[in-house]
$ cat target21.csv   # CSV, C-alpha atoms
chain,number,residue,atom,x,y,z
A,1,MET,CA,1.1,-0.6,9.4
A,2,GLN,CA,-1.6,1.6,10.8
A,3,GLY,CA,-2.8,2.1,7.3
A,4,ALA,CA,-3.5,-1.6,7.0
A,5,SER,CA,-5.6,-1.6,10.1
A,6,ALA,CA,-7.5,1.5,9.0
A,7,LEU,CA,-8.2,-0.2,5.6
A,8,GLN,CA,-9.5,-3.3,7.4
A,9,ASN,CA,-11.9,-1.0,9.3
A,10,ILE,CA,-13.3,0.2,6.0
A,11,LEU,CA,-13.8,-3.4,4.9
A,12,ASP,CA,-15.5,-4.3,8.1
A,13,LYS,CA,-18.1,-1.6,7.3
A,14,HIS,CA,-18.5,-2.6,3.7
A,15,PRO,CA,-19.3,-6.3,3.4
A,16,ASP,CA,-20.0,-5.9,-0.3
A,17,PRO,CA,-18.7,-9.1,-2.0
A,18,THR,CA,-18.0,-7.2,-5.2
A,19,LEU,CA,-15.4,-5.1,-3.4
A,20,ARG,CA,-11.8,-6.3,-3.4
A,21,VAL,CA,-8.4,-5.0,-2.2
A,22,LEU,CA,-5.0,-5.5,-3.8
A,23,VAL,CA,-2.4,-4.7,-1.2
A,24,VAL,CA,1.2,-4.1,-2.5
A,25,TRP,CA,3.8,-4.1,0.3
A,26,GLU,CA,7.1,-2.5,-0.7
A,27,PRO,CA,10.3,-1.6,1.1
A,28,VAL,CA,10.5,2.1,1.8
A,29,ILE,CA,12.0,2.9,5.2
A,30,PRO,CA,15.2,1.4,6.6
A,31,THR,CA,13.4,-1.3,8.7
A,32,ASP,CA,11.7,-2.7,5.6
A,33,VAL,CA,14.4,-5.4,5.3
A,34,ALA,CA,12.1,-8.3,4.4
A,35,ARG,CA,8.6,-9.2,3.3
A,36,PRO,CA,5.8,-8.5,5.8
A,37,THR,CA,5.4,-11.1,8.5
A,38,SER,CA,2.2,-13.0,9.3
A,39,GLY,CA,1.4,-10.4,12.0
A,40,THR,CA,1.6,-7.6,9.5
A,41,LEU,CA,-0.3,-9.5,6.9
A,42,GLY,CA,-3.0,-10.4,9.5
A,43,ARG,CA,-3.8,-6.7,10.0
A,44,LEU,CA,-5.8,-7.1,6.7
A,45,HIS,CA,-7.7,-10.3,7.5
A,46,ASP,CA,-10.6,-9.9,5.1
A,47,PRO,CA,-10.9,-12.7,2.5
A,48,ARG,CA,-11.5,-10.1,-0.2
A,49,VAL,CA,-7.8,-9.0,0.2
A,50,ALA,CA,-4.9,-10.3,-1.9
A,51,GLN,CA,-1.4,-9.3,-0.7
A,52,TYR,CA,1.8,-8.9,-2.7
A,53,TRP,CA,5.4,-8.1,-2.0
A,54,ASP,CA,7.1,-5.8,-4.4
A,55,GLY,CA,10.7,-5.9,-3.3
A,56,GLU,CA,11.9,-3.8,-6.3
A,57,ARG,CA,9.0,-1.2,-6.0
A,58,SER,CA,8.2,-1.9,-9.6
A,59,LEU,CA,4.6,-0.8,-9.2
A,60,SER,CA,5.6,2.5,-7.7
A,61,ARG,CA,8.1,3.0,-10.6
A,62,GLU,CA,5.4,2.3,-13.1
A,63,MET,CA,3.0,4.7,-11.5
A,64,VAL,CA,5.7,7.5,-11.4
A,65,ARG,CA,6.5,6.8,-15.1
A,66,ALA,CA,2.9,7.0,-16.1
A,67,VAL,CA,2.2,10.2,-14.1
A,68,ARG,CA,5.4,11.9,-15.4
A,69,ALA,CA,4.4,11.0,-19.0
A,70,ASP,CA,0.9,12.5,-18.7
A,71,PRO,CA,0.3,14.4,-15.4
A,72,ALA,CA,-3.0,15.9,-16.5
A,73,ARG,CA,-4.5,12.5,-17.0
A,74,TYR,CA,-3.8,11.7,-13.4
A,75,HIS,CA,-4.9,15.2,-12.1
A,76,PHE,CA,-1.4,16.1,-11.2
A,77,GLU,CA,-0.6,19.8,-11.6
A,78,ARG,CA,3.1,19.6,-10.6
A,79,GLU,CA,5.8,17.5,-12.0
A,80,MET,CA,6.4,14.3,-10.0
A,81,PRO,CA,10.2,13.7,-9.4
A,82,GLU,CA,11.6,10.7,-11.2
A,83,ASP,CA,12.8,9.2,-7.9
A,84,PHE,CA,9.5,9.7,-6.1
A,85,VAL,CA,8.2,6.6,-4.2
A,86,VAL,CA,4.5,6.0,-4.3
A,87,TRP,CA,3.6,4.5,-0.9
A,88,ASP,CA,1.1,4.8,2.0
A,89,VAL,CA,-1.6,5.6,-0.6
A,90,VAL,CA,-4.9,4.1,-1.6
A,91,ALA,CA,-6.6,4.3,-4.9
A,92,LEU,CA,-10.2,3.4,-5.8
A,93,PHE,CA,-11.3,2.0,-9.1
A,94,PRO,CA,-14.9,1.4,-10.2
A,95,PRO,CA,-16.2,-1.8,-11.7
A,96,GLY,CA,-15.3,-2.2,-15.3
A,97,THR,CA,-11.9,-0.5,-15.0
A,98,VAL,CA,-9.3,-2.2,-17.2
A,99,TRP,CA,-5.5,-1.6,-16.8
A,100,GLU,CA,-4.2,-1.3,-20.3
A,101,SER,CA,-0.7,0.0,-21.2
A,102,ASP,CA,-0.7,2.6,-18.4
A,103,PRO,CA,-2.3,2.3,-14.9
A,104,PRO,CA,-5.9,3.4,-15.0
A,105,VAL,CA,-7.0,6.7,-13.5
A,106,PRO,CA,-8.6,6.1,-10.1
A,107,THR,CA,-11.9,7.5,-9.0
A,108,TYR,CA,-10.2,8.5,-5.7
A,109,TYR,CA,-6.7,8.4,-4.5
A,110,GLY,CA,-5.0,9.7,-1.4
A,111,GLY,CA,-2.6,9.2,1.5
A,112,PRO,CA,-1.3,8.8,4.1
A,113,VAL,CA,-3.7,5.9,4.3
A,114,VAL,CA,-4.7,6.4,7.9
A,115,GLU,CA,-5.6,10.0,7.3
A,116,VAL,CA,-7.8,9.5,4.2
A,117,MET,CA,-10.1,6.9,5.5
A,118,ASP,CA,-13.1,9.3,5.7
A,119,ALA,CA,-12.5,10.3,2.1
A,120,LEU,CA,-12.2,6.7,0.9
A,121,ARG,CA,-15.4,5.9,2.8
A,122,GLU,CA,-17.1,8.8,1.1
A,123,ALA,CA,-15.7,7.6,-2.3
A,124,LEU,CA,-17.1,4.2,-1.7
A,125,GLU,CA,-20.5,5.4,-0.7
A,126,ASN,CA,-20.9,8.4,-2.9
A,127,ARG,CA,-18.8,8.2,-6.0
A,128,PRO,CA,-20.3,11.2,-7.9
A,129,ALA,CA,-19.4,13.5,-5.0
A,130,VAL,CA,-15.8,12.4,-5.2
A,131,ALA,CA,-15.8,12.8,-9.0
A,132,ARG,CA,-16.8,16.4,-8.4
A,133,ALA,CA,-14.0,16.9,-5.9
A,134,LEU,CA,-11.5,15.7,-8.5
A,135,GLY,CA,-12.9,18.1,-11.1
A,136,ASP,CA,-14.8,15.8,-13.4
A,137,PRO,CA,-16.5,18.2,-15.8
A,138,GLU,CA,-19.4,15.8,-16.4
A,139,THR,CA,-20.4,15.9,-12.7
A,140,GLU,CA,-19.8,19.7,-12.2
A,141,ARG,CA,-22.8,20.6,-14.4
A,142,PRO,CA,-25.7,22.0,-12.3
B,1,MET,CA,37.4,5.1,38.4
B,2,ARG,CA,34.1,6.7,37.5
B,3,ALA,CA,35.2,7.1,33.9
B,4,GLY,CA,36.1,3.4,33.7
B,5,ARG,CA,32.7,2.5,35.0
B,6,ALA,CA,31.0,4.8,32.5
B,7,VAL,CA,32.9,3.2,29.6
B,8,ARG,CA,31.9,-0.3,30.8
B,9,ILE,CA,28.2,0.8,31.0
B,10,ALA,CA,28.4,2.4,27.6
B,11,SER,CA,29.9,-0.8,26.2
B,12,VAL,CA,27.2,-3.0,27.7
B,13,VAL,CA,24.5,-0.7,26.3
B,14,ALA,CA,26.1,-0.7,22.9
B,15,LEU,CA,26.4,-4.5,22.9
B,16,LEU,CA,22.7,-4.8,24.0
B,17,ALA,CA,21.6,-2.4,21.3
B,18,ALA,CA,23.6,-4.2,18.6
B,19,GLY,CA,22.3,-7.5,19.8
B,20,GLY,CA,18.7,-6.2,19.8
B,21,THR,CA,19.1,-4.9,16.3
B,22,LEU,CA,20.5,-8.2,15.0
B,23,ALA,CA,17.7,-10.1,16.7
B,24,PHE,CA,15.1,-7.8,15.2
B,25,VAL,CA,16.6,-8.2,11.7
B,26,ALA,CA,16.8,-11.9,12.1
B,27,TRP,CA,13.2,-12.1,13.3
B,28,LEU,CA,12.1,-10.0,10.3
B,29,LYS,CA,14.0,-12.3,7.9
B,30,LEU,CA,12.9,-15.6,9.5
B,31,ALA,CA,9.4,-15.0,10.7
B,32,PRO,CA,6.6,-16.8,8.9
B,33,ARG,CA,4.7,-15.0,6.2
B,34,VAL,CA,1.2,-16.5,6.2
B,35,THR,CA,-1.8,-14.6,4.9
B,36,PRO,CA,-5.1,-14.8,6.8
B,37,ARG,CA,-7.5,-17.6,6.1
B,38,GLY,CA,-9.4,-17.2,2.8
B,39,GLN,CA,-6.7,-15.1,1.1
B,40,PRO,CA,-4.2,-16.3,-1.5
B,41,PRO,CA,-0.6,-16.7,-0.3
B,42,LEU,CA,1.6,-13.7,-0.3
B,43,THR,CA,2.9,-13.3,-3.8
B,44,SER,CA,6.3,-11.8,-4.6
B,45,ILE,CA,6.1,-9.9,-7.8
B,46,GLU,CA,9.0,-9.1,-10.2
B,47,SER,CA,7.2,-6.5,-12.3
B,48,SER,CA,4.2,-4.2,-12.2
B,49,GLY,CA,2.7,-6.4,-15.0
B,50,GLU,CA,1.8,-9.0,-12.4
B,51,ILE,CA,-0.3,-6.5,-10.5
B,52,ARG,CA,-1.9,-5.4,-13.8
B,53,ASP,CA,-2.8,-9.0,-14.6
B,54,ALA,CA,-4.3,-9.4,-11.1
B,55,PHE,CA,-6.2,-6.2,-11.5
B,56,ASN,CA,-7.6,-7.2,-14.9
B,57,ALA,CA,-8.5,-10.7,-13.8
B,58,ARG,CA,-11.5,-9.4,-11.9
B,59,SER,CA,-12.2,-6.1,-13.5
B,60,GLU,CA,-16.0,-6.4,-12.8
B,61,THR,CA,-15.3,-5.6,-9.1
B,62,THR,CA,-14.8,-2.3,-7.3
B,63,THR,CA,-11.1,-2.4,-6.5
B,64,ILE,CA,-9.0,-0.7,-3.9
B,65,LEU,CA,-5.3,-0.7,-4.6
B,66,ALA,CA,-3.0,0.1,-1.6
B,67,LEU,CA,0.7,0.6,-1.5
B,68,LEU,CA,2.1,0.1,2.0
B,69,SER,CA,5.4,-0.3,3.9
B,70,PRO,CA,5.6,-3.4,6.1
B,71,THR,CA,7.1,-1.7,9.2

$ encode --input "target21.csv" --output "structure tokens"
Amino acid sequence: MQGASALQNILDKHPDPTLRVLVVWEPVIPTDVARPTSGTLGRLHDPRVAQYWDGERSLSREMVRAVRADPARYHFEREMPEDFVVWDVVALFPPGTVWESDPPVPTYYGGPVVEVMDALREALENRPAVARALGDPETERP
Amino acid sequence: MRAGRAVRIASVVALLAAGGTLAFVAWLKLAPRVTPRGQPPLTSIESSGEIRDAFNARSETTTILALLSPT
């Protein structure tokens, strides 16, 4: 839940109306026995946020499937276990990104959320620098 | 005598712990789920395709996608 509050702090500092956040809540730990309560949902109070409950972790499964099918596309060097659960992560996608058959490749991704806020802030403010960090050959040229 | 008292105390503690756990679970199950003003209602999804559709519905925006645990 700290991740949600940290994300709200980012939104507070970026009033850009063309920025939006899709938050997917999913059951991961034993106390996740139900959908998030109003108190939890209220941690992200920005109107640019849309919140979802994924009780079957279908998005996580789809991400794991896509990464396992093509790790290099997602900048993964090691094989992701089939039962891996993608959670407590954020991913940033630039305008014009379309999700086709597989999830798109983010400009930035990282977690735990509360620990990557500086990197996410940098990604929002300075996308070319982040692309370099991810090894984008187009931006590594001198 | 001391052993009997200890058993009684342990029983009371166990009952309180069980009751507290049940109350917590009941609260999690029954508590309201209202999103903040200006946001669409919380949407339960059945497949990742629903997130894909939401993602593509406003692809002209910069999008942050977050996967979080509610507790």

$ atom_distance --input "target21.csv" --atom1 "CA of Pro32 (chain B)" --atom2 "CA of Gly49 (chain B)"
26.4 Å

$ closest_residue --input "target21.csv" --among "A:Ala50, A:Val64, A:Met117, A:Val105" --to "Ser48 (chain B)" --atoms "all atoms listed in the file"
A:Val64

$ closest_residue --input "target21.csv" --among "A:Glu115, A:Asp88, A:Glu122, A:Glu79" --to "chain B" --atoms "only C-alpha atoms"
A:Asp88

$ closest_residue --input "target21.csv" --among "B:Arg37, B:Gly4, B:Phe24, B:Ser47" --to "Arg61 (chain A)" --atoms "only C-alpha atoms"
B:Ser47

$ closest_residue --input "target21.csv" --among "A:Leu124, A:Ala6, A:Met1, A:Val90" --to "Pro36 (chain A)" --atoms "all atoms listed in the file"
A:Met1

$ atom_distance --input "target21.csv" --atom1 "CA of Trp25 (chain A)" --atom2 "CA of Thr21 (chain B)"
22.2 Å

$ interface_residues --input "target21.csv" --of "chain B" --to "chain A" --cutoff "9 Å" --atoms "all atoms listed in the file" --output "number ranges by chain"
B: 25, 28-49, 51-56, 58-71

$ build_atoms --input "target21.csv" --residues "region 74-108 of chain A" --atoms "N, CA and C atoms" --output "PDB file, keeping the file's coordinate frame"
ATOM      1  N   TYR A  74      -3.738  12.183 -14.749  1.00  0.00           N
ATOM      2  CA  TYR A  74      -3.800  11.700 -13.400  1.00  0.00           C
ATOM      3  C   TYR A  74      -4.150  12.852 -12.391  1.00  0.00           C
ATOM      4  N   HIS A  75      -4.537  14.005 -12.935  1.00  0.00           N
ATOM      5  CA  HIS A  75      -4.900  15.200 -12.100  1.00  0.00           C
ATOM      6  C   HIS A  75      -3.735  15.702 -11.300  1.00  0.00           C
ATOM      7  N   PHE A  76      -2.524  15.558 -11.818  1.00  0.00           N
ATOM      8  CA  PHE A  76      -1.400  16.100 -11.200  1.00  0.00           C
ATOM      9  C   PHE A  76      -1.006  17.452 -11.854  1.00  0.00           C
ATOM     10  N   GLU A  77      -0.900  18.506 -11.049  1.00  0.00           N
ATOM     11  CA  GLU A  77      -0.600  19.800 -11.600  1.00  0.00           C
ATOM     12  C   GLU A  77       0.927  20.072 -11.617  1.00  0.00           C
ATOM     13  N   ARG A  78       1.620  19.446 -10.661  1.00  0.00           N
ATOM     14  CA  ARG A  78       3.100  19.600 -10.600  1.00  0.00           C
ATOM     15  C   ARG A  78       3.787  18.393 -11.058  1.00  0.00           C
ATOM     16  N   GLU A  79       5.018  18.597 -11.519  1.00  0.00           N
ATOM     17  CA  GLU A  79       5.800  17.500 -12.000  1.00  0.00           C
ATOM     18  C   GLU A  79       6.191  16.544 -10.866  1.00  0.00           C
ATOM     19  N   MET A  80       6.012  15.265 -11.053  1.00  0.00           N
ATOM     20  CA  MET A  80       6.400  14.300 -10.000  1.00  0.00           C
ATOM     21  C   MET A  80       7.897  13.961 -10.246  1.00  0.00           C
ATOM     22  N   PRO A  81       8.739  14.058  -9.205  1.00  0.00           N
ATOM     23  CA  PRO A  81      10.200  13.700  -9.400  1.00  0.00           C
ATOM     24  C   PRO A  81      10.332  12.273  -9.837  1.00  0.00           C
ATOM     25  N   GLU A  82      11.365  12.054 -10.614  1.00  0.00           N
ATOM     26  CA  GLU A  82      11.600  10.700 -11.200  1.00  0.00           C
ATOM     27  C   GLU A  82      11.846   9.687 -10.068  1.00  0.00           C
ATOM     28  N   ASP A  83      12.471  10.144  -8.962  1.00  0.00           N
ATOM     29  CA  ASP A  83      12.800   9.200  -7.900  1.00  0.00           C
ATOM     30  C   ASP A  83      11.710   9.141  -6.809  1.00  0.00           C
ATOM     31  N   PHE A  84      10.562   9.704  -7.092  1.00  0.00           N
ATOM     32  CA  PHE A  84       9.500   9.700  -6.100  1.00  0.00           C
ATOM     33  C   PHE A  84       9.037   8.238  -5.859  1.00  0.00           C
ATOM     34  N   VAL A  85       8.703   7.959  -4.607  1.00  0.00           N
ATOM     35  CA  VAL A  85       8.200   6.600  -4.200  1.00  0.00           C
ATOM     36  C   VAL A  85       6.742   6.738  -3.866  1.00  0.00           C
ATOM     37  N   VAL A  86       5.912   6.012  -4.567  1.00  0.00           N
ATOM     38  CA  VAL A  86       4.500   6.000  -4.300  1.00  0.00           C
ATOM     39  C   VAL A  86       4.241   5.001  -3.159  1.00  0.00           C
ATOM     40  N   TRP A  87       3.870   5.471  -1.979  1.00  0.00           N
ATOM     41  CA  TRP A  87       3.600   4.500  -0.900  1.00  0.00           C
ATOM     42  C   TRP A  87       2.701   5.212   0.145  1.00  0.00           C
ATOM     43  N   ASP A  88       2.114   4.367   0.990  1.00  0.00           N
ATOM     44  CA  ASP A  88       1.100   4.800   2.000  1.00  0.00           C
ATOM     45  C   ASP A  88      -0.002   5.556   1.288  1.00  0.00           C
ATOM     46  N   VAL A  89      -0.473   4.973   0.200  1.00  0.00           N
ATOM     47  CA  VAL A  89      -1.600   5.600  -0.600  1.00  0.00           C
ATOM     48  C   VAL A  89      -2.619   4.479  -0.876  1.00  0.00           C
ATOM     49  N   VAL A  90      -3.842   4.933  -1.084  1.00  0.00           N
ATOM     50  CA  VAL A  90      -4.900   4.100  -1.600  1.00  0.00           C
ATOM     51  C   VAL A  90      -5.493   4.682  -2.830  1.00  0.00           C
ATOM     52  N   ALA A  91      -5.952   3.828  -3.728  1.00  0.00           N
ATOM     53  CA  ALA A  91      -6.600   4.300  -4.900  1.00  0.00           C
ATOM     54  C   ALA A  91      -7.850   3.427  -5.151  1.00  0.00           C
ATOM     55  N   LEU A  92      -8.927   4.059  -5.593  1.00  0.00           N
ATOM     56  CA  LEU A  92     -10.200   3.400  -5.800  1.00  0.00           C
ATOM     57  C   LEU A  92     -10.567   3.349  -7.253  1.00  0.00           C
ATOM     58  N   PHE A  93     -10.951   2.173  -7.745  1.00  0.00           N
ATOM     59  CA  PHE A  93     -11.300   2.000  -9.100  1.00  0.00           C
ATOM     60  C   PHE A  93     -12.712   1.399  -9.240  1.00  0.00           C
ATOM     61  N   PRO A  94     -13.568   1.969 -10.060  1.00  0.00           N
ATOM     62  CA  PRO A  94     -14.900   1.400 -10.200  1.00  0.00           C
ATOM     63  C   PRO A  94     -14.945   0.148 -10.986  1.00  0.00           C
ATOM     64  N   PRO A  95     -16.060  -0.587 -10.902  1.00  0.00           N
ATOM     65  CA  PRO A  95     -16.200  -1.800 -11.700  1.00  0.00           C
ATOM     66  C   PRO A  95     -16.016  -1.478 -13.193  1.00  0.00           C
ATOM     67  N   GLY A  96     -15.433  -2.407 -13.901  1.00  0.00           N
ATOM     68  CA  GLY A  96     -15.300  -2.200 -15.300  1.00  0.00           C
ATOM     69  C   GLY A  96     -13.953  -1.552 -15.724  1.00  0.00           C
ATOM     70  N   THR A  97     -13.170  -1.142 -14.730  1.00  0.00           N
ATOM     71  CA  THR A  97     -11.900  -0.500 -15.000  1.00  0.00           C
ATOM     72  C   THR A  97     -10.895  -1.540 -15.522  1.00  0.00           C
ATOM     73  N   VAL A  98     -10.271  -1.255 -16.645  1.00  0.00           N
ATOM     74  CA  VAL A  98      -9.300  -2.200 -17.200  1.00  0.00           C
ATOM     75  C   VAL A  98      -7.924  -1.438 -17.235  1.00  0.00           C
ATOM     76  N   TRP A  99      -6.900  -2.125 -16.794  1.00  0.00           N
ATOM     77  CA  TRP A  99      -5.500  -1.600 -16.800  1.00  0.00           C
ATOM     78  C   TRP A  99      -4.926  -1.996 -18.152  1.00  0.00           C
ATOM     79  N   GLU A 100      -4.742  -0.999 -19.012  1.00  0.00           N
ATOM     80  CA  GLU A 100      -4.200  -1.300 -20.300  1.00  0.00           C
ATOM     81  C   GLU A 100      -2.680  -1.021 -20.306  1.00  0.00           C
ATOM     82  N   SER A 101      -2.179  -0.207 -21.206  1.00  0.00           N
ATOM     83  CA  SER A 101      -0.700   0.000 -21.200  1.00  0.00           C
ATOM     84  C   SER A 101      -0.257   0.827 -20.008  1.00  0.00           C
ATOM     85  N   ASP A 102      -1.070   1.795 -19.589  1.00  0.00           N
ATOM     86  CA  ASP A 102      -0.700   2.600 -18.400  1.00  0.00           C
ATOM     87  C   ASP A 102      -1.717   2.283 -17.278  1.00  0.00           C
ATOM     88  N   PRO A 103      -1.307   2.490 -16.032  1.00  0.00           N
ATOM     89  CA  PRO A 103      -2.300   2.300 -14.900  1.00  0.00           C
ATOM     90  C   PRO A 103      -3.502   3.143 -15.126  1.00  0.00           C
ATOM     91  N   PRO A 104      -4.675   2.604 -14.787  1.00  0.00           N
ATOM     92  CA  PRO A 104      -5.900   3.400 -15.000  1.00  0.00           C
ATOM     93  C   PRO A 104      -5.978   4.554 -13.999  1.00  0.00           C
ATOM     94  N   VAL A 105      -6.834   5.505 -14.325  1.00  0.00           N
ATOM     95  CA  VAL A 105      -7.000   6.700 -13.500  1.00  0.00           C
ATOM     96  C   VAL A 105      -8.046   6.306 -12.378  1.00  0.00           C
ATOM     97  N   PRO A 106      -7.687   6.458 -11.119  1.00  0.00           N
ATOM     98  CA  PRO A 106      -8.600   6.100 -10.100  1.00  0.00           C
ATOM     99  C   PRO A 106      -9.746   7.105  -9.887  1.00  0.00           C
ATOM    100  N   THR A 107     -10.860   6.638  -9.343  1.00  0.00           N
ATOM    101  CA  THR A 107     -11.900   7.500  -9.000  1.00  0.00           C
ATOM    102  C   THR A 107     -11.518   8.413  -7.786  1.00  0.00           C
ATOM    103  N   TYR A 108     -10.748   7.787  -6.905  1.00  0.00           N
ATOM    104  CA  TYR A 108     -10.200   8.500  -5.700  1.00  0.00           C
ATOM    105  C   TYR A 108      -8.828   7.963  -5.435  1.00  0.00           C
TER     106      TYR A 108
END
